[in-house]
Every structure is written in structure tokens, then in C-alpha cells.
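Asker: The structure file input.csv (CSV, C-alpha atoms) is provided below.
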```
chain,number,residue,atom,x,y,z
A,1,MET,CA,0.0,0.0,0.0
A,2,ALA,CA,2.9,2.3,0.6
A,3,THR,CA,3.9,2.0,-3.0
A,4,ALA,CA,0.6,3.6,-4.0
A,5,LEU,CA,1.1,6.8,-1.9
A,6,PRO,CA,3.6,8.5,-4.3
A,7,PHE,CA,0.8,8.5,-7.0
A,8,LEU,CA,-1.5,10.7,-4.8
A,9,PRO,CA,-0.3,14.1,-6.0
A,10,LEU,CA,-0.8,13.0,-9.6
A,11,LEU,CA,-4.2,11.6,-8.9
A,12,LEU,CA,-5.4,14.7,-7.2
A,13,SER,CA,-4.1,17.2,-9.7
A,14,LYS,CA,-6.3,18.5,-12.6
A,15,PRO,CA,-5.7,16.5,-15.8
A,16,SER,CA,-3.7,18.4,-18.3
A,17,SER,CA,-5.1,19.2,-21.7
A,18,PRO,CA,-3.3,18.1,-24.8
A,19,PRO,CA,-0.6,20.5,-26.0
A,20,PRO,CA,-1.8,23.2,-28.5
A,21,PRO,CA,-1.5,22.2,-32.2
A,22,SER,CA,1.4,24.7,-32.7
A,23,LEU,CA,3.6,22.4,-30.6
A,24,SER,CA,3.1,19.5,-33.0
A,25,ARG,CA,4.7,21.1,-36.1
A,26,ARG,CA,8.2,21.7,-34.8
A,27,THR,CA,10.8,22.9,-37.1
A,28,THR,CA,14.4,23.7,-36.6
A,29,THR,CA,16.7,26.0,-38.4
A,30,ARG,CA,20.4,25.5,-39.0
A,31,PRO,CA,22.8,27.6,-41.0
A,32,LEU,CA,23.8,26.1,-44.3
A,33,ARG,CA,26.4,27.9,-46.4
A,34,LYS,CA,25.5,27.9,-50.0
A,35,CYS,CA,27.1,30.4,-52.5
A,36,GLY,CA,28.2,32.4,-49.5
A,37,LYS,CA,24.7,32.9,-48.1
A,38,LEU,CA,22.8,31.4,-45.3
A,39,ALA,CA,20.0,29.0,-46.2
A,40,VAL,CA,17.4,27.7,-43.9
A,41,ALA,CA,16.6,24.0,-43.8
A,42,ALA,CA,13.5,22.6,-42.2
A,43,ARG,CA,13.6,19.3,-40.4
A,44,LYS,CA,11.5,16.7,-42.2
A,45,PRO,CA,8.7,15.0,-40.3
A,46,TRP,CA,9.8,12.1,-38.0
A,47,PRO,CA,9.7,8.8,-39.8
A,48,PRO,CA,8.0,5.7,-38.3
A,49,LEU,CA,10.1,3.9,-35.6
A,50,TRP,CA,9.9,0.7,-37.8
A,51,PRO,CA,10.0,0.4,-41.6
A,52,ARG,CA,6.6,-0.2,-43.2
A,53,SER,CA,5.8,-3.1,-45.5
A,54,SER,CA,3.0,-3.2,-48.0
A,55,SER,CA,0.7,-4.7,-45.3
A,56,GLN,CA,1.5,-2.0,-42.8
A,57,PRO,CA,-0.5,1.2,-41.9
A,58,THR,CA,-0.6,3.9,-44.6
A,59,PRO,CA,0.5,7.5,-43.9
A,60,GLU,CA,-3.2,8.6,-44.0
A,61,VAL,CA,-3.5,7.9,-40.3
A,62,ALA,CA,-0.9,10.5,-39.5
A,63,ARG,CA,-2.7,13.6,-40.9
A,64,GLU,CA,-6.2,14.9,-40.8
A,65,GLY,CA,-5.5,18.6,-41.3
A,66,ASP,CA,-3.2,21.0,-39.5
A,67,ALA,CA,-5.8,21.9,-36.9
A,68,ASP,CA,-6.0,18.3,-35.7
A,69,GLU,CA,-2.3,17.6,-35.5
A,70,ILE,CA,-1.0,16.3,-32.2
A,71,SER,CA,2.6,16.4,-31.0
A,72,ARG,CA,4.5,13.2,-31.1
A,73,ALA,CA,5.2,13.4,-27.4
A,74,THR,CA,1.4,13.5,-26.7
A,75,LEU,CA,0.8,10.5,-29.1
A,76,LEU,CA,3.5,8.5,-27.3
A,77,TRP,CA,2.0,9.4,-23.9
A,78,ARG,CA,-1.5,8.3,-25.1
A,79,ALA,CA,-0.1,5.1,-26.6
A,80,ALA,CA,1.7,4.2,-23.4
A,81,LYS,CA,-1.5,4.5,-21.4
A,82,LEU,CA,0.5,4.8,-18.2
A,83,PRO,CA,-2.5,5.8,-16.0
A,84,ILE,CA,-4.3,2.7,-17.1
A,85,TYR,CA,-1.7,0.6,-15.3
A,86,SER,CA,-3.5,1.4,-12.1
A,87,VAL,CA,-5.8,-1.6,-13.1
A,88,ALA,CA,-2.8,-3.7,-12.3
A,89,LEU,CA,-1.9,-1.9,-9.0
A,90,VAL,CA,-5.4,-1.7,-7.4
A,91,PRO,CA,-6.5,-5.4,-7.6
A,92,LEU,CA,-3.1,-6.5,-6.2
A,93,THR,CA,-3.0,-3.9,-3.4
A,94,VAL,CA,-6.6,-4.6,-2.4
A,95,GLY,CA,-6.1,-8.4,-2.5
A,96,SER,CA,-2.9,-8.2,-0.5
A,97,ALA,CA,-4.6,-5.9,2.1
A,98,ALA,CA,-7.5,-8.4,2.4
A,99,ALA,CA,-5.0,-11.2,3.1
A,100,TYR,CA,-3.2,-9.0,5.6
A,101,LEU,CA,-6.5,-8.5,7.4
A,102,GLN,CA,-6.9,-12.2,7.6
A,103,THR,CA,-3.4,-13.3,8.6
A,104,GLY,CA,-1.4,-10.2,9.6
A,105,LEU,CA,1.2,-11.1,7.0
A,106,PHE,CA,2.5,-9.2,4.0
A,107,PHE,CA,5.1,-10.6,1.6
A,108,ALA,CA,6.8,-7.7,-0.1
A,109,LYS,CA,8.8,-9.8,-2.6
A,110,HIS,CA,5.6,-11.5,-3.8
A,111,TYR,CA,3.9,-8.1,-4.1
A,112,PHE,CA,6.5,-6.5,-6.3
A,113,VAL,CA,7.0,-9.6,-8.5
A,114,ILE,CA,3.3,-9.9,-9.1
A,115,LEU,CA,3.0,-6.1,-9.7
A,116,SER,CA,5.7,-6.3,-12.4
A,117,ALA,CA,4.1,-9.5,-13.9
A,118,SER,CA,0.7,-7.9,-13.9
A,119,MET,CA,2.0,-4.8,-15.7
A,120,LEU,CA,3.4,-7.0,-18.4
A,121,VAL,CA,0.1,-8.7,-18.8
A,122,ILE,CA,-1.6,-5.3,-19.1
A,123,THR,CA,1.0,-4.4,-21.7
A,124,TRP,CA,0.0,-7.5,-23.7
A,125,LEU,CA,-3.7,-6.5,-23.4
A,126,ASN,CA,-3.0,-2.9,-24.7
A,127,LEU,CA,-0.7,-4.0,-27.5
A,128,SER,CA,-2.8,-6.9,-28.8
A,129,ASN,CA,-5.9,-4.7,-28.6
A,130,ASP,CA,-4.2,-2.2,-31.0
A,131,VAL,CA,-3.1,-5.1,-33.3
A,132,TYR,CA,-6.6,-6.6,-33.6
A,133,ASP,CA,-8.3,-3.2,-33.9
A,134,PHE,CA,-5.9,-2.4,-36.7
A,135,ASP,CA,-6.8,-5.6,-38.4
A,136,THR,CA,-10.6,-4.7,-38.3
A,137,GLY,CA,-10.0,-1.1,-39.3
A,138,ALA,CA,-11.3,0.3,-36.0
A,139,ASP,CA,-8.0,2.1,-35.4
A,140,ARG,CA,-7.4,3.2,-39.0
A,141,HIS,CA,-7.6,6.9,-37.9
A,142,LYS,CA,-6.5,6.5,-34.3
A,143,LYS,CA,-3.3,8.4,-34.2
A,144,GLU,CA,-2.3,7.0,-30.8
A,145,SER,CA,-2.5,3.4,-31.9
A,146,VAL,CA,0.9,1.8,-31.3
A,147,VAL,CA,0.7,0.0,-34.7
A,148,ASN,CA,0.2,3.4,-36.4
A,149,ILE,CA,3.0,5.0,-34.4
A,150,ILE,CA,5.7,2.5,-35.0
A,151,GLY,CA,4.5,1.4,-38.4
A,152,SER,CA,4.6,-2.3,-37.9
A,153,ARG,CA,1.8,-4.7,-36.9
A,154,THR,CA,4.2,-7.6,-36.7
A,155,VAL,CA,6.6,-6.0,-34.2
A,156,THR,CA,3.7,-4.9,-32.1
A,157,GLN,CA,2.3,-8.4,-31.9
A,158,TYR,CA,5.6,-9.9,-31.1
A,159,ALA,CA,6.1,-7.4,-28.3
A,160,ALA,CA,2.6,-8.2,-27.0
A,161,ASN,CA,3.3,-12.0,-27.0
A,162,ILE,CA,6.6,-11.6,-25.2
A,163,SER,CA,5.0,-9.4,-22.5
A,164,LEU,CA,2.3,-12.0,-21.9
A,165,ALA,CA,4.9,-14.9,-21.7
A,166,LEU,CA,7.1,-13.0,-19.2
A,167,GLY,CA,4.1,-11.8,-17.1
A,168,PHE,CA,2.6,-15.2,-16.9
A,169,MET,CA,5.9,-16.7,-15.8
A,170,GLY,CA,6.0,-14.3,-12.9
A,171,LEU,CA,2.5,-15.1,-11.9
A,172,ILE,CA,3.2,-18.8,-12.0
A,173,TRP,CA,6.3,-18.2,-9.7
A,174,ALA,CA,4.1,-16.3,-7.2
A,175,SER,CA,1.5,-19.2,-7.2
A,176,ILE,CA,4.2,-21.8,-6.6
A,177,GLU,CA,5.7,-19.7,-3.8
A,178,ALA,CA,2.3,-19.4,-2.2
A,179,GLY,CA,1.6,-23.1,-2.6
A,180,ASP,CA,-2.0,-22.4,-3.7
A,181,VAL,CA,-3.1,-23.5,-7.2
A,182,ARG,CA,-6.3,-21.5,-6.9
A,183,SER,CA,-4.4,-18.3,-7.5
A,184,ILE,CA,-2.9,-19.3,-10.9
A,185,LEU,CA,-6.3,-20.8,-12.0
A,186,LEU,CA,-8.0,-17.5,-11.3
A,187,VAL,CA,-5.3,-15.6,-13.0
A,188,ALA,CA,-5.7,-17.8,-16.0
A,189,TYR,CA,-9.4,-17.1,-16.1
A,190,ALA,CA,-8.7,-13.4,-16.0
A,191,ILE,CA,-6.3,-13.6,-18.9
A,192,LEU,CA,-8.8,-15.8,-20.8
A,193,CYS,CA,-11.3,-13.0,-20.3
A,194,GLY,CA,-8.9,-10.6,-21.9
A,195,TYR,CA,-8.3,-12.9,-24.8
A,196,VAL,CA,-11.9,-13.6,-25.7
A,197,TYR,CA,-12.5,-9.8,-25.3
A,198,GLN,CA,-10.4,-8.8,-28.2
A,199,CYS,CA,-8.7,-11.7,-30.0
A,200,PRO,CA,-10.0,-13.7,-32.9
A,201,PRO,CA,-12.1,-15.7,-33.4
A,202,PHE,CA,-14.0,-14.5,-30.4
A,203,ARG,CA,-13.7,-10.7,-30.3
A,204,LEU,CA,-16.6,-10.5,-27.8
A,205,SER,CA,-16.0,-6.7,-27.4
A,206,TYR,CA,-17.5,-6.4,-30.9
A,207,GLN,CA,-20.7,-7.9,-29.4
A,208,GLY,CA,-20.8,-5.4,-26.6
A,209,LEU,CA,-19.6,-7.9,-24.0
A,210,GLY,CA,-16.4,-6.1,-23.0
A,211,GLU,CA,-17.7,-4.6,-19.8
A,212,PRO,CA,-18.9,-7.9,-18.2
A,213,LEU,CA,-15.6,-9.5,-19.1
A,214,CYS,CA,-13.6,-6.5,-17.7
A,215,PHE,CA,-15.6,-6.7,-14.4
A,216,ALA,CA,-15.0,-10.4,-14.0
A,217,ALA,CA,-11.3,-10.3,-15.0
A,218,PHE,CA,-10.2,-7.4,-12.7
A,219,GLY,CA,-12.7,-7.9,-10.0
A,220,PRO,CA,-13.5,-11.4,-8.7
A,221,PHE,CA,-10.8,-13.2,-10.7
A,222,ALA,CA,-7.7,-11.0,-10.3
A,223,THR,CA,-8.4,-9.5,-6.9
A,224,THR,CA,-9.2,-12.9,-5.4
A,225,ALA,CA,-6.2,-14.5,-7.1
A,226,PHE,CA,-3.8,-11.9,-5.6
A,227,TYR,CA,-5.4,-12.4,-2.2
A,228,PHE,CA,-4.5,-16.2,-2.4
A,229,THR,CA,-0.9,-15.4,-3.4
A,230,ASN,CA,-0.3,-13.5,-0.2
A,231,ARG,CA,1.1,-16.4,1.8
A,232,SER,CA,4.2,-18.6,1.7
A,233,LYS,CA,4.4,-22.4,1.7
A,234,TYR,CA,7.5,-22.0,3.8
A,235,LEU,CA,5.7,-20.3,6.6
A,236,THR,CA,2.9,-21.5,8.8
A,237,SER,CA,0.4,-19.2,10.4
A,238,GLY,CA,-2.2,-21.7,11.4
A,239,LEU,CA,-3.8,-21.7,7.9
A,240,SER,CA,-2.9,-24.2,5.3
A,241,HIS,CA,-4.7,-22.1,2.7
A,242,LEU,CA,-6.3,-18.7,2.9
A,243,PRO,CA,-10.1,-19.1,3.2
A,244,LEU,CA,-12.4,-17.4,0.6
A,245,THR,CA,-14.1,-14.7,2.7
A,246,GLY,CA,-17.0,-12.3,2.2
A,247,THR,CA,-14.5,-9.5,2.7
A,248,VAL,CA,-12.4,-10.3,-0.3
A,249,LEU,CA,-15.4,-11.1,-2.5
A,250,SER,CA,-17.0,-7.7,-1.5
A,251,ALA,CA,-13.8,-5.8,-2.2
A,252,SER,CA,-13.4,-7.6,-5.5
A,253,VAL,CA,-16.8,-6.5,-6.6
A,254,LEU,CA,-16.1,-2.9,-5.9
A,255,VAL,CA,-12.7,-3.1,-7.7
A,256,GLY,CA,-14.4,-4.7,-10.7
A,257,LEU,CA,-17.0,-1.9,-10.9
A,258,THR,CA,-14.4,0.9,-10.8
A,259,THR,CA,-12.3,-0.8,-13.5
A,260,THR,CA,-15.4,-1.2,-15.7
A,261,PHE,CA,-16.1,2.5,-15.5
A,262,ILE,CA,-12.8,3.1,-17.3
A,263,LEU,CA,-13.6,0.8,-20.2
A,264,PHE,CA,-17.1,2.1,-20.5
A,265,CYS,CA,-16.1,5.7,-20.7
A,266,SER,CA,-13.3,5.0,-23.1
A,267,HIS,CA,-16.0,4.3,-25.8
A,268,PHE,CA,-17.6,7.8,-25.8
A,269,HIS,CA,-15.2,9.4,-28.3
A,270,GLN,CA,-14.9,6.2,-30.5
A,271,ILE,CA,-18.6,5.7,-31.4
A,272,ASP,CA,-18.3,6.7,-35.0
A,273,GLY,CA,-15.3,4.6,-35.7
A,274,ASP,CA,-16.7,1.6,-33.8
A,275,ARG,CA,-20.0,1.7,-35.7
A,276,ALA,CA,-18.2,1.9,-39.0
A,277,VAL,CA,-16.4,-1.4,-38.5
A,278,GLY,CA,-19.3,-3.1,-36.8
A,279,LYS,CA,-18.0,-2.9,-33.2
A,280,MET,CA,-21.2,-2.8,-31.2
A,281,SER,CA,-20.0,-1.4,-28.0
A,282,PRO,CA,-22.7,-0.5,-25.4
A,283,LEU,CA,-22.5,3.2,-26.4
A,284,VAL,CA,-22.9,2.4,-30.1
A,285,ARG,CA,-26.1,0.6,-29.1
A,286,ILE,CA,-27.6,3.1,-26.6
A,287,GLY,CA,-26.0,6.5,-27.6
A,288,THR,CA,-24.1,9.0,-25.5
A,289,ARG,CA,-27.0,10.5,-23.6
A,290,ALA,CA,-28.2,7.2,-22.3
A,291,GLY,CA,-24.6,6.3,-21.7
A,292,SER,CA,-24.2,9.3,-19.4
A,293,LYS,CA,-27.2,8.1,-17.4
A,294,VAL,CA,-25.6,4.6,-17.1
A,295,VAL,CA,-22.4,6.3,-15.7
A,296,ARG,CA,-24.6,8.1,-13.1
A,297,PHE,CA,-26.3,4.9,-12.2
A,298,GLY,CA,-23.0,3.0,-11.9
A,299,ILE,CA,-21.4,5.6,-9.6
A,300,VAL,CA,-24.5,5.6,-7.4
A,301,SER,CA,-24.5,1.8,-7.3
A,302,LEU,CA,-20.8,1.8,-6.3
A,303,TYR,CA,-21.4,3.8,-3.2
A,304,PHE,CA,-24.7,2.0,-2.4
A,305,LEU,CA,-22.9,-1.3,-2.5
A,306,LEU,CA,-20.1,0.1,-0.3
A,307,LEU,CA,-22.7,1.1,2.3
A,308,ALA,CA,-24.5,-2.3,2.0
A,309,PHE,CA,-21.3,-4.2,2.5
A,310,GLY,CA,-20.5,-2.2,5.5
A,311,LEU,CA,-23.9,-2.7,7.1
A,312,CYS,CA,-23.6,-6.5,6.4
A,313,LYS,CA,-20.2,-6.3,8.1
A,314,THR,CA,-18.5,-8.0,5.1
A,315,LEU,CA,-16.3,-4.8,4.9
A,316,PRO,CA,-14.8,-3.1,7.9
A,317,LEU,CA,-16.2,0.4,8.8
A,318,THR,CA,-12.8,1.8,8.1
A,319,CYS,CA,-13.2,0.9,4.4
A,320,VAL,CA,-16.7,2.4,4.3
A,321,PHE,CA,-15.5,5.7,5.8
A,322,LEU,CA,-12.3,6.1,3.7
A,323,CYS,CA,-14.0,5.1,0.4
A,324,ALA,CA,-16.8,7.5,1.2
A,325,LEU,CA,-14.2,10.3,1.1
A,326,THR,CA,-13.9,9.7,-2.7
A,327,LEU,CA,-17.5,10.7,-3.3
A,328,PRO,CA,-16.4,14.1,-4.7
A,329,VAL,CA,-14.3,12.4,-7.3
A,330,GLY,CA,-17.3,10.2,-8.2
A,331,LYS,CA,-19.4,13.3,-8.6
A,332,ILE,CA,-16.8,14.9,-10.9
A,333,VAL,CA,-17.0,11.8,-13.2
A,334,VAL,CA,-20.8,12.0,-13.3
A,335,ASP,CA,-20.9,15.8,-13.9
A,336,TYR,CA,-18.1,15.7,-16.5
A,337,VAL,CA,-19.7,12.9,-18.6
A,338,GLU,CA,-23.2,14.5,-18.4
A,339,GLU,CA,-21.9,17.9,-19.6
A,340,ASN,CA,-19.6,16.6,-22.3
A,341,HIS,CA,-21.0,13.3,-23.6
A,342,ASN,CA,-21.6,14.8,-27.1
A,343,ASP,CA,-18.2,16.6,-27.3
A,344,ASN,CA,-15.6,14.2,-28.7
A,345,ASN,CA,-12.7,16.6,-27.9
A,346,LYS,CA,-13.6,16.8,-24.2
A,347,ILE,CA,-15.2,13.4,-23.5
A,348,PHE,CA,-11.8,11.8,-24.3
A,349,MET,CA,-10.7,12.8,-20.8
A,350,ALA,CA,-13.6,11.0,-19.1
A,351,LYS,CA,-11.7,7.8,-18.9
A,352,TYR,CA,-8.9,9.5,-17.1
A,353,TYR,CA,-11.2,10.9,-14.5
A,354,CYS,CA,-12.4,7.3,-14.1
A,355,VAL,CA,-8.8,6.2,-13.7
A,356,ARG,CA,-8.4,8.6,-10.8
A,357,LEU,CA,-11.6,7.4,-9.1
A,358,HIS,CA,-10.5,3.8,-9.6
A,359,ALA,CA,-7.1,4.5,-8.1
A,360,LEU,CA,-8.3,6.6,-5.2
A,361,PHE,CA,-11.1,4.3,-4.3
A,362,GLY,CA,-8.8,1.3,-4.4
A,363,ILE,CA,-6.2,3.0,-2.2
A,364,ALA,CA,-8.9,3.9,0.3
A,365,LEU,CA,-10.3,0.4,0.3
A,366,ALA,CA,-6.8,-1.2,0.8
A,367,LEU,CA,-6.0,1.3,3.6
A,368,GLY,CA,-9.3,0.6,5.3
A,369,LEU,CA,-8.5,-3.1,5.3
A,370,TRP,CA,-5.0,-2.5,6.7
A,371,LEU,CA,-6.4,-0.1,9.5
A,372,ALA,CA,-9.0,-2.7,10.4
A,373,ARG,CA,-6.2,-5.2,11.1
A,374,ALA,CA,-4.2,-2.6,13.1
A,375,GLY,CA,-7.3,-1.8,15.1
A,376,ASN,CA,-7.9,-5.5,15.9
A,377,LYS,CA,-4.3,-5.8,17.2
A,378,ALA,CA,-4.8,-2.8,19.4
```
Show how you would write the structure in this file as C-alpha cells.
Answerer:
Amino acid sequence: MATALPFLPLLLSKPSSPPPPSLSRRTTTRPLRKCGKLAVAARKPWPPLWPRSSSQPTPEVAREGDADEISRATLLWRAAKLPIYSVALVPLTVGSAAAYLQTGLFFAKHYFVILSASMLVITWLNLSNDVYDFDTGADRHKKESVVNIIGSRTVTQYAANISLALGFMGLIWASIEAGDVRSILLVAYAILCGYVYQCPPFRLSYQGLGEPLCFAAFGPFATTAFYFTNRSKYLTSGLSHLPLTGTVLSASVLVGLTTTFILFCSHFHQIDGDRAVGKMSPLVRIGTRAGSKVVRFGIVSLYFLLLAFGLCKTLPLTCVFLCALTLPVGKIVVDYVEENHNDNNKIFMAKYYCVRLHALFGIALALGLWLARAGNKA
């Protein structure tokens, strides 16, 4: 949990807007002597990071008019999707905190190995999503697509597969160290959800099933799996295996909901492109106005469930109190989506507000579990 604290200033700060278009067309001048006079040479546009073949993206994705140009630094930031990696941090931190509440033990080595492995799996998810959306044409005009930026579908797919292999190896190691096969089975189910979400022949995201898969993968599957890994087969604490408790299940449901908000809100600015290639996301089906009402209902349901779990005593009161402090962030998400659901230039930022809600709510949930254990000791 301590590892999440350095992110707080970033999470609480106002999201920065993309750089103005003038920053994207950078030129440099250098003196060139020609016939005794100075000539000015402009730098040519940056080439792709990887040579294109005939089957690779065409340059049309790079230009839609001077007014829409985006700096390369902004494109690389968007392609990296660094804030989205909170979806690896939160399930692990909450699962570990739930195990700490149960046993009073925390295994730092396990935590950081699993965190690294989980980030590699998320990298596979992001890169393979770009690859298969490129294949269907959904990312044809998406400038921040990794395939379009580096100019090679093949290299992107290789990088995705290597990330998955390395990440899965780390998760297998953690499961062996914990001596609990349930953890690797649940992780495998979570990865399978990611595969059928975007990869052929399934591509269930094109049928509008991405949100249920996202909820299951990052909520009950991943959070519970990381809970089971927070033990060591070399140590005995009176428990041969961690029991499946109402606390970890309740926490996993809340984590799954906040993660699903991120995916749902990422569709708002992609409706036209998704509809053109037959990707029937929920927002393609119901429209942005109804989608904004779904966001409101989801946020209200999140805090209602939080209160219900507290009253049922499946979650400690410390969790209820600390998570309730994130209500202003939840209200910001609702207000922003309702005000800007028809503005593609602004609604793009909605998913980043959801990332902040996800991260802050997850930190509060984990801290509440840790404080509950500390209170029991006292």
C-alpha cells in the first residue's frame, strides 16, 4: 500500500489538456552555407520507428489537417496508457490488504514480483488490442495506436506476446511460492477474459460484452487471485490455505466496478469509428445521452454497495469511511460525462477521471482493510 502513496499528487491534480496544435509542427533552423549565403533547412517529419511493408499502416492515419495535428510526445503518452496501469496496481493492493486483514502477514517480494508481472500482462492487453483493432479497421484513424505510431503490426504483436509470456511466468512463480493452485487458476481465467474480449475468433468486445468481461477479470478473478498469493508455503500461520471470505469477495466486486467505468467511458469518443467497423459497444447501441445516465447509475450503485457491504459487516467500517471520502471524485466523473458526452474533444478525458476514481477508491479500500487489522491488534 505504501507503494501507491507517491501517486496521490498525480491523482489529485487536474488532468492536463493536450498541447496546442502549434507544438506539434516543430521545425528547426540551422545555417547552411551555399554560395556564401545562409540558407534555412527545415527538419523533415519524423519517420516511423519501424519500416513499413505493403501490409502495414498507410500515412493517411498521420494527418487529418493542420488543426488536428498532435505532437509526437502526446501521441507516445497516449499510446503508453501509463495511467491505465492502475488496473494492475489496485487489484493486487486490495487483494494483499484483504490477506493482511486475515493473517497479519505481508510478503513484499511477492507483491513486487506480481506487480511487475501484472503490468506485463496489461502491456499485452493494450498492444494486442491495438493489433486486432488495426486488423478490423477500428484504429485506422486512431493516431495514438501503437501500430500506427511504429508502423509495424508484426513488431507490435511480437512485443505483446513476449510481454504476456514473461508476465505469466512471474504469476506462475508467485503461485508456486504461495503453494496455492487457486491463484494461478483465477489468473488464467482473468487472462482468458482478456483474450476472448479482443482476440480472434471471439472478439466479444464487438458484441458489446467487453464490460462484463472486464468486471470479471479485474474484480472477482484478479483481486481474489492476488489475495490467495499473499502467503508462503515455507511459513505456517495456522492456515494451510487462505479461506475465501466475504470481505475479499465484496472488495473484488467494488474493484471490478471501478475498473469497468474506465472501459465504458473510453468508448464515448470512439462511437463513429466503432460503428463503421461493426464494433457494437454499449455506447454504439444506446448512444451517449443514455450512456451518461448509465455512468450516473453506476457511480450511485458503487457507493450504495459500499454502504450495504459495511452494514452487512463484510467490509470493515474503516473501508466504508475512507472510500466514502472519494465521493467528490465520483461526482466529478458524473458531472463531466453529463456535460460533455456529445463533445468528442472533451469526453476523451472522461476515462482519465475514471482512472483517478479507480485508483483513489482502491487505495482507500486497501488502507481501510489495513487499518482494520491494526485496530484488531490494538
Asker: What separation in Å, quoted to one decimal, exists between CA of Ala350 (chain A) and CA of Phe297 (chain A)?
Answerer: 15.7 Å
Asker: Which residues, written as a PDB file with C-alpha atoms, in the coordinates of the input, have at least one atom at most 9 Å from Tyr303 (chain A), with all atoms listed in the file counted and residues fewer than 4 positions away on the same chain left out?
Answerer:
```pdb
ATOM      1  CA  LEU A 254     -16.100  -2.900  -5.900  1.00  0.00           C
ATOM      2  CA  GLY A 298     -23.000   3.000 -11.900  1.00  0.00           C
ATOM      3  CA  ILE A 299     -21.400   5.600  -9.600  1.00  0.00           C
ATOM      4  CA  LEU A 307     -22.700   1.100   2.300  1.00  0.00           C
ATOM      5  CA  ALA A 308     -24.500  -2.300   2.000  1.00  0.00           C
ATOM      6  CA  VAL A 320     -16.700   2.400   4.300  1.00  0.00           C
ATOM      7  CA  CYS A 323     -14.000   5.100   0.400  1.00  0.00           C
ATOM      8  CA  ALA A 324     -16.800   7.500   1.200  1.00  0.00           C
ATOM      9  CA  LEU A 327     -17.500  10.700  -3.300  1.00  0.00           C
TER      10      LEU A 327
END
```
Asker: So how far away is CA of Ala359 (chain A) from CA of Gly375 (chain A), in Å?
Answerer: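 Computing the Euclidean distance for CA of Gly375 (chain A) and CA of Ala359 (chain A) yields 24.0 Å.
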Asker: Which residue, A:Thr288, A:Asn148, A:Thr154, A:Thr223, has the smallest gap to Thr259 (chain A) when you use all atoms listed in the file?
Answerer: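 Among the listed residues, the smallest separation from Thr259 (chain A) belongs to A:Thr223.
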Asker: Which residues are close to Val253 (chain A), i.e. within 12 Å by all atoms listed in the file, leaving aside same-chain residues fewer than 3 positions away? Reply as a PyMOL selection string.
Answerer: chain A and resi 91+94-95+212+214-224+246-250+256-260+301-303+305-306+309+314-315+362+365
Asker: Kindly give the distance, in Å, that separates CA of Ile363 (chain A) and CA of Thr93 (chain A), rounded to a single decimal.
Answerer: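 So the answer is 7.7 Å.
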Asker: Rebuild region 174-180 of chain A to all heavy atoms - output it as a tab-separated table (two decimals), keeping the file's coordinate frame, please.
Answerer:
```
chain	number	residue	atom	x	y	z
A	174	ALA	N	4.75	-16.79	-8.47
A	174	ALA	CA	4.10	-16.30	-7.20
A	174	ALA	C	3.12	-17.43	-6.74
A	174	ALA	O	3.02	-17.64	-5.52
A	174	ALA	CB	3.32	-15.05	-7.52
A	175	SER	N	2.45	-18.11	-7.65
A	175	SER	CA	1.50	-19.20	-7.20
A	175	SER	C	2.28	-20.33	-6.61
A	175	SER	O	1.84	-20.90	-5.61
A	175	SER	CB	0.72	-19.64	-8.45
A	175	SER	OG	-0.15	-20.69	-8.10
A	176	ILE	N	3.41	-20.68	-7.19
A	176	ILE	CA	4.20	-21.80	-6.60
A	176	ILE	C	4.74	-21.40	-5.25
A	176	ILE	O	4.73	-22.21	-4.31
A	176	ILE	CB	5.38	-22.12	-7.58
A	176	ILE	CG1	4.82	-22.73	-8.87
A	176	ILE	CG2	6.36	-23.09	-6.92
A	176	ILE	CD1	5.88	-22.95	-9.93
A	177	GLU	N	5.21	-20.17	-5.09
A	177	GLU	CA	5.70	-19.70	-3.80
A	177	GLU	C	4.60	-19.72	-2.74
A	177	GLU	O	4.86	-20.01	-1.58
A	177	GLU	CB	6.28	-18.29	-3.93
A	177	GLU	CG	7.63	-18.23	-4.61
A	177	GLU	CD	8.72	-18.87	-3.75
A	177	GLU	OE1	8.91	-18.44	-2.61
A	177	GLU	OE2	9.37	-19.81	-4.26
A	178	ALA	N	3.39	-19.39	-3.16
A	178	ALA	CA	2.30	-19.40	-2.20
A	178	ALA	C	1.78	-20.80	-1.93
A	178	ALA	O	1.13	-21.04	-0.91
A	178	ALA	CB	1.13	-18.54	-2.76
A	179	GLY	N	2.08	-21.73	-2.83
A	179	GLY	CA	1.60	-23.10	-2.60
A	179	GLY	C	0.10	-23.23	-2.76
A	179	GLY	O	-0.51	-24.08	-2.11
A	180	ASP	N	-0.51	-22.37	-3.60
A	180	ASP	CA	-2.00	-22.40	-3.70
A	180	ASP	C	-2.32	-22.33	-5.22
A	180	ASP	O	-2.16	-21.30	-5.88
A	180	ASP	CB	-2.56	-21.16	-3.01
A	180	ASP	CG	-4.07	-21.30	-2.81
A	180	ASP	OD1	-4.71	-21.99	-3.61
A	180	ASP	OD2	-4.59	-20.72	-1.83
```
